[in-house]
Structures are given as C-alpha cells and as structure tokens.
Amino acid sequence: MRLEPKPAPSIAVALLYPAGAVVVTLALTALLVLAAGASPLSVFGLVARGAAGSQFAILETLTRATPLIFTGLAVAVAFRARLWNIGAEAQLYAGAVITVVLGTGALPWPSWLLLPAIAISAMIAGALLLLFPAVLKTRLGVDEVVTTLLLNFVVLLFVSMLLEGLLKDPMGLGWPQSRKVIEAAQLPRIITGKRLHYGFALAIASAVIVWVIMKKTALGYEMRAVGHNPEASRFAGIPVNRVLMKTAILSGGLAALAGFSEVAGLKGNLTLDLSPGFGYSGIVVAMLAMLNPLGVVAAAIFVAGIFVGADAMSRTAGVPSYIADVMVALSLLTMVVAILLMRFRVRWR
Amino acid sequence: MTPQPPTVLRLTGITKRFGPVTANDAISLELRQGEVVALLGENGAGKTTLMNILFGHYVADEGTVEAFGRPLQPGDPRAALDAGIGMVHQHFTLAENLTVLENIALGTQKLFAPRLDRSAARRRILSLASDFGLAVDPNAIVAALTVGERQRVEILKALYRHARILILDEPTAVLTPAEADALFATLKLLVAQGLSVIFISHKLHEVMAVSDRVVVLRGGRLAGEKAISETNRSELATLMVAQDVHLPPIVDVAFGARLLLLDQVSTAGRVSGARLDRASLALKAGDITGLAGVSGNGQAALAALLAGTERMTAGTVELFGEKRGAWGAREALQLGIARIPEDRHAVGTIGDMSVTENVILESYRGRRFCRRGFLDWPAARAFAEGIIRDYEVKCPSPDARIRLLSGGNMQKLILGRALDPEPRVIVANQPTRGLDVGAVAYVHAQLIKARDRGAAILLISEDLEEIVALSDRICVISKGRISEPSRRGAKTIPQLGEMMAGHGLEAAHAS
C-alpha cells in the first residue's frame, strides 16, 4: 500500500469527506446497536430527537457544547502550532479551582467587576499550567505529550486534596465538594429558568476572536508558520520559542475558561466529576473541525448532541448510553481517515 | 556491422500524471547489455519520476516495464530487486550506526536466521570491491565514512544483490572532482563486465564523459536520443531547454569597501556537519566571493553563522566597518543581510503555506505589512504579485500552496523575497542546486545584477564550474578552515580540486 499526494479539492468536495465520515460512523455504530438487540433506525431517531427534538433538547445540547467549544478551541490553537496540548482537562480544573477560590466570597465585588476578574484569573492559571510543559519542551526538549497528559492526573489529585481539605464545603455532609459560588460570581442564564447560560455566548465570542487571531494577526501567522515548519520559521527570524509560549498562554487560557464557565454558569461548585473528560473530548472536537476555530463550534455541538441524545435514547431504548462514547471515538477515527483520503490517493499495489 | 547486444530493459509508453501535471508522457526507453545510458534533463523534466516507476516506488498510469524479457510487476520494489535492478539514490539509504558489512547484508538474509553469515558476506564484498575498484573496509561504521565512501557502499549493496542493471541518481552531486573520476572508472569496469547503467544527471560534461548513449527528457516528454559519438554539448543543451540560454557577460568591477570581515572565527556546532575552525573571510561591496568545497566541510556552519542561526565561540566579526558580535536571524534581515538557504524545501519555504504567506515570511513584522499586530493581507498579496511578475515566477496564483511549485520557481520566489529590500550583503548557499539550466542562468543573472548594484555576495557552492564562472574572488573551505582568496582565473580547476581535498590549505594560511 502506498500514498500519493493529490491536489487540494474544492470546498464542496472537501465537505463531502466529513459527511462521509459521519455516514461510516453511523453504519459502524448500527452494527453495535444490532448486537445490543435494538433497531438502529429507531435508536438513531431517538438520539436525534434527544439531541435536537425539542426546545429542552436543543438547550441541553448547547449547554453541553459550551465547555467543549472552549477545550476544542484550546486544542485547535495549540495543535496549529504543533504544541501537543493533551492537558486541557487539567487546565479546565485549574480554571475551576480559581473560580471557586475567588467566587465564594473572597472578593466582595459587584458582578460586572467580579466575573471578568475571575475569568481573567482563571485564564492566567490555565496559561501557567501549560507554560510549564511548554518551557520544558523548548528548554530541555521534554515531550509535551507526556508532560501535559500526566499533569491531568496530578491536577485531578490536587483538586481531590483541596476538596477534602482547604476548599471542602463544611455544609457538604462530608462529600468532597466545594462551597457554592456567591450570586455575584454566577453567570446569568440566557433564558430565565433554563440551564443555558452566558458561558455559551462567551464560547461563541471566543471562537470568533480566535478565528480573527489565526486569520488576521501576525501572531496567528507566526503560529501557523511555526506549526508547519519550525526550521524555516526560525531561519526567517520568527522567535519560535516565544511563539510557542504565546500559544501555550492562549491555549491554556481557553481551556481554563471551560472550567470557569462550568462552575460559574452551571454547577455552582467544584466537584471531582465537574468534567466527564471535556479536555479529552476537546481533542476530538478540534480534529473534527480540522483545527478551524469556527468549525470547533459546529463540531462541539455535534459531539454534545451525540452525548445528550444518547442519554435520552438509553432511557427509552434500553441501549447503554456508552454507545455515545463509541460514536464519538469512531467519528474521530473515521474523520482522521477522511482527512487522509482527502490529501492522498491510496494505491494498494 | 557487429550484432547489437541484447536488450536488458525496455520501458514502453510510460505515462504518469500527478493531478493536472503530467510528469511522464509516453516515454519509451531501451537499455542494452554493457552500456551506460545517460538520462539528461532539467529538474522537473521527469527523470526521477521515470526511475521511481522503474524501481517500483510509483505505479505508472500507462505503459509497461520489461526487464530481461519479462514484464516487471509494477509498484513493487522487491520485484525490481529480484529482476536485478539496483538503484543508488541521491540521498543515501544507509543505517549510519551499522557497519558497511551489516548495511550491505541487511535484508538479504532470512528474517529469522539464527545469525548473520559474516564470513561469507565479507568474502563476497571484498571480491566485488576488488573487481570494480570500490575500496571500502567492510568493518567500518558507516557514520565514519566520507560521502564518496558511502556512495561506494551503496553501489556495493546493489552489486551484492546481484544487480545487473544499476541506476544512479545524480551520483556526482556530492563528490569532489577526483572522487567523480573514480566513480566514472568504476562505471567503465561495471559495463565491461556486462552490467548496464542508467546515469541520471543534468551536468553535460559528465554525460559526455561517461555515457555511450544519452536520452534527453524535457517537460516530461522524450526530447531526443543520441549516441554520444554523434552529438556535442551544445546540441544536448539545446535539446534540454529548447531555447538558447544566455549568460550575462561578467565585467570586472573595482572592489568596493569591505562590508563584512570574519577574523579567526569558530562556531559552536549546533548545525549539522563540520564547524568553523578559526576561519577568516572578507566580503567586499560589488564583489562575488565564491566559496568552493566538498559538502560537509563547514559551509553549513558558515552560512548559518551569517544567517543568524549559529553561535560563534571564538574570533571577531566586523560588519560595515564596526566590530560587533554575531546576530540573530531577524537582526540579520534588519541589518541588510539577505540569505538564500541551501535547502529551499525544508528551510527556505513553508510548503503548506501559500505563495503570499511565504514571500512575507522575512518582512511581515515591518510597517509595510503589519499594523498594531494585524497583517495587511491585501498589501501582502500585492507584494507577492509584484515578485511573481518581476522575477518571472510561474505559479497559478499567489494563493497556491508553494509546495506545488517547481524547484526553479520556488527559488525565484526566495530570490525575490531576499533581493527586494536591496540588501548590502547576500549569502547564497547552493543557490542553483537541483535547478534546470534556465533557472540556473536566471539565478546567476540576479546575483550578478545585485553585485553590479554594489552588494557583497558570498556564493557557497559544491559545483566548481559555477564558482569559477561567477566569482570575482575564490576561496576554498576544507575541514572548517577557509583559504586566502585568489583572483578569478588565478587557479585552475584541478588546483582548486586539490585544495578542496585539503591539500595546500595550511600553506595558504601560513603565507
């Protein structure tokens, strides 16, 4: 088997490949659904209805998409510059910890001042957490895949320690959870009485800002150049290490916003199950979006829809909601294959 | 009339397309026993594609390959090996941490054989080596070998596998003139034993010296086929480019002020290959200084030092009359030092970015393209269009990925990017390597134009003819040391070749 490069396809054709990936994912999932003893068509119908069949379903999907947009953007920005940030999960928790520390009454400020202060502090915390592996990479050549991945476990254990000690809610009946943030530190709901909060609006705005940075600014140009060819970038006088630092700050900050928005917008407090792997799903989202910041929004809503829809489906059809994890994982694999087929022609002999 | 020797290899109607580009268009080629056929053509003429099809790296869209009368399974390098075809690539495929013996025997023994039968292998290698004048020590570690020795190992590897047809892709690009002569002698011995050789080259004098027959490719088509005895260099040159090429005449100019002086400079050795060892060099306004030398003798270190990507450990630098330390890459550009890198794919351009994005690579931070951190893409695009027009770059649009351009057009863009700000010092490292005759002439003309406007140019090249044709003064680099300059014409090519091999360099320093 060999791969031969082929010219870039037109935009219309380029969109066919992700569509094909989705079709193949559904076909493969259908086999598993059959094995579970249910009808694929009715299961897919239930998933779709659960994800987008009602106002409640749509709002729920968008709520679930919010942290995925942030982590997806974080990964997309980092991967563009070939900084392999696998640690969005840790940066998310760093943002969440800061939100709880500053949001539970330490700063008696009004909401308009408190929320931006917390958001910025959370971003700084996430940025610092990614700067550490980035410095190790540029100074000592330590592989950031390893360091960022392992930091996820370090940070999660650190959070666990905090929730058993310093940050433990005295009224929490012994559960490892923090106190609730004060009202001034809560992101308001977009529709009163529903769960969708302004974190979603912040996520959309972030996607647009990141898109502008990548497309229009010198920094975005430098990040792309460094990602495509660090040696040529260095030769042309681009300060490669400094660009990687800036990338780390941006990426870590975006991932931390996911933690801020989940705590301040949805959960109100910090628990160890704040994120069911949003940091890792962010990698799927970014890859599905082919690292395009605006594509991240669509990909995040798609992935969130599968999770939300599968939850609803499993209640009625009796198929385990783990099918959602399988679908998301499969869609990542098929998407990677689709990108490969888009760029190369495969010859079997 | 003597009977024709049997045909050992026959390519019929080979066609290969890459998207809209037809790399090979219905090419037919015959190779007879005991002859050297030169495959001549500009870069991008389709020579390497054709050989990759023959060797099974690519599958042809149309056409067949026949070796020793039997059709060859397309797309299978093992089938080519089994049929007795051996290839020596331009970039060697040796495992540097293994010995010569292990490299040669690699892949010829059974995968799960209990041990390597070294003594039989050594005997065979030594007998092949003495038969064909390919002296190497089978126990030497490849990493310790010179480029010429590594090439001999590659040839031995093919012979060890019973190759009857040998394909050499630009074999002399990395050799000294003396090493090249030794290679040609080996080729004569090979064909005397009944082997057949395909010799890929774009250097006319080599083709004339070594081959029996020459096949010329141009733009993916067969442009002509001649017996060497019935042709000459100018006819072949015309076949290659189809248009007459004129080199601008070189006028002797008075040397201007000394713009750059390196005095007893040594480098840290961050870049691969040899470091500079107390090297001294002066560049003058309105002067092309040619630096001849065999690859890997410190040229890369010197180019990197001037480009701003290598550190200095000893010595002094004087730029525009002021003593100063070494500079970084961005500083070099601001000071007016233009760089043309040796490897335009890996260092000179970013393949997956557009032409526009590549031409602003060295200047995007300036006021012309950047306002408060935002890039002015319309201005950048206009700049790219200007370079495309002024430097005669053939490309579909400024938005095309630069990877899709041919080597010559890529180099024209790099030239445009480097020369547009009218630099005072130009460091051109192998600026014409791998380019076709037309593009080479263009690059030379641009360098001469820059010289005539008063720039000081350092031309680093492994092609002695290029150095001699272009330089006002010639230095030779060997083992990190640079000789005193000699005026153009003061030394003959054989004399320079001696110095490239390291002879007389110390003497030159002492004098």
# chains A, B, ... in the order shown; residues from 1 in each chain; ligands from 1
$ select_by_dssp --residues "range 9-208 of chain A" --states "helix (DSSP H, G or I)" --output "ChimeraX atom specification"
/A:11-35,40-52,55-80,88-103,111-140,144-164,183-185,198-208
$ interface_residues --of "chain A" --to "chain B" --cutoff "6 Å" --atoms "only C-alpha atoms" --output "JSON, numbers by chain"
{"A": [216, 217, 218, 229, 231, 232, 236, 237, 349]}
$ write_last_selection --atoms "C-alpha atoms" --output "PDB file, in the first residue's frame"
ATOM      1  CA  LYS A 216      -5.724  38.286  10.596  1.00  0.00           C
ATOM      2  CA  THR A 217      -2.921  38.855  13.061  1.00  0.00           C
ATOM      3  CA  ALA A 218       0.825  38.477  12.897  1.00  0.00           C
ATOM      4  CA  ASN A 229       7.790  24.291   9.546  1.00  0.00           C
ATOM      5  CA  GLU A 231      13.030  25.254  10.959  1.00  0.00           C
ATOM      6  CA  ALA A 232      12.029  27.601   8.156  1.00  0.00           C
ATOM      7  CA  ALA A 236      13.134  33.624   8.733  1.00  0.00           C
ATOM      8  CA  GLY A 237      13.635  35.201  12.141  1.00  0.00           C
ATOM      9  CA  ARG A 349      -0.300  -2.221  -5.209  1.00  0.00           C
TER      10      ARG A 349
END
$ residues_around --residues "Ile301 in chain A" --least-positions-apart "5" --cutoff "7 Å" --atoms "only C-alpha atoms" --output "ChimeraX atom specification"
/A:61-62,65
$ write_last_selection --atoms "N, CA and C atoms" --output "short mmCIF file (atom, residue, chain, number, x, y, z; two decimals), in the first residue's frame"
data_model
loop_
_atom_site.label_atom_id
_atom_site.label_comp_id
_atom_site.auth_asym_id
_atom_site.auth_seq_id
_atom_site.Cartn_x
_atom_site.Cartn_y
_atom_site.Cartn_z
N THR A 61 -28.31 20.45 24.62
CA THR A 61 -27.15 20.19 23.75
C THR A 61 -26.20 21.39 23.75
N LEU A 62 -26.76 22.60 23.64
CA LEU A 62 -25.89 23.79 23.61
C LEU A 62 -25.17 23.96 24.94
N ALA A 65 -22.43 21.68 24.93
CA ALA A 65 -21.41 22.06 23.94
C ALA A 65 -20.48 23.14 24.47
#
$ atom_distance --atom1 "CA of Glu222 in chain A" --atom2 "CA of Leu250 in chain A"
13.6 Å
$ residues_around --residues "range 197-199 of chain A" --least-positions-apart "5" --cutoff "6 Å" --atoms "only C-alpha atoms" --output "PDB file with C-alpha atoms, in the first residue's frame"
ATOM      1  CA  LEU A 187     -23.001  33.714  35.007  1.00  0.00           C
ATOM      2  CA  PRO A 188     -26.629  34.660  34.283  1.00  0.00           C
ATOM      3  CA  ARG A 189     -28.921  32.345  32.326  1.00  0.00           C
ATOM      4  CA  ILE A 190     -29.646  33.288  28.716  1.00  0.00           C
ATOM      5  CA  SER A 261     -17.934  28.612  32.699  1.00  0.00           C
ATOM      6  CA  GLY A 265     -22.561  29.149  34.783  1.00  0.00           C
TER       7      GLY A 265
END
$ residues_around --residues "range 479-491 of chain B" --least-positions-apart "6" --cutoff "7 Å" --atoms "only C-alpha atoms" --output "number ranges by chain"
B: 274-280, 297-298, 471-473, 505, 508-509
$ residues_around --residues "Ala90 in chain A" --least-positions-apart "4" --cutoff "9 Å" --atoms "only C-alpha atoms" --output "PyMOL selection string"
chain A and resi 94-95+126+129+148-149+151-156+255-256+279
$ closest_residue --among "B:Ala469, B:Leu54, B:Ala418, B:Ile460" --to "Ala80 in chain B" --atoms "only C-alpha atoms"
B:Leu54
$ atom_distance --atom1 "CA of Leu219 in chain A" --atom2 "CA of Met342 in chain A"
28.3 Å
$ residues_around --residues "Val24 in chain A" --least-positions-apart "5" --cutoff "9 Å" --atoms "only C-alpha atoms" --output "PyMOL selection string"
chain A and resi 19+29+330-331+334
$ write_last_selection --atoms "C-alpha atoms" --output "compact mmCIF listing (two decimals), in the first residue's frame"
# COMPACT_ATOMS: atom_id res chain seq x y z
CA ALA A 19 -20.06 13.89 5.69
CA THR A 29 -22.49 2.11 15.27
CA LEU A 330 -15.49 6.24 15.87
CA SER A 331 -16.18 9.65 14.39
CA THR A 334 -13.28 7.99 10.50
$ atom_distance --atom1 "CA of Ala120 in chain B" --atom2 "CA of Gly86 in chain B"
21.2 Å
$ closest_residue --among "A:Thr316, A:Ala184, A:Pro110, A:Thr271" --to "Gly172 in chain A" --atoms "only C-alpha atoms"
A:Thr271
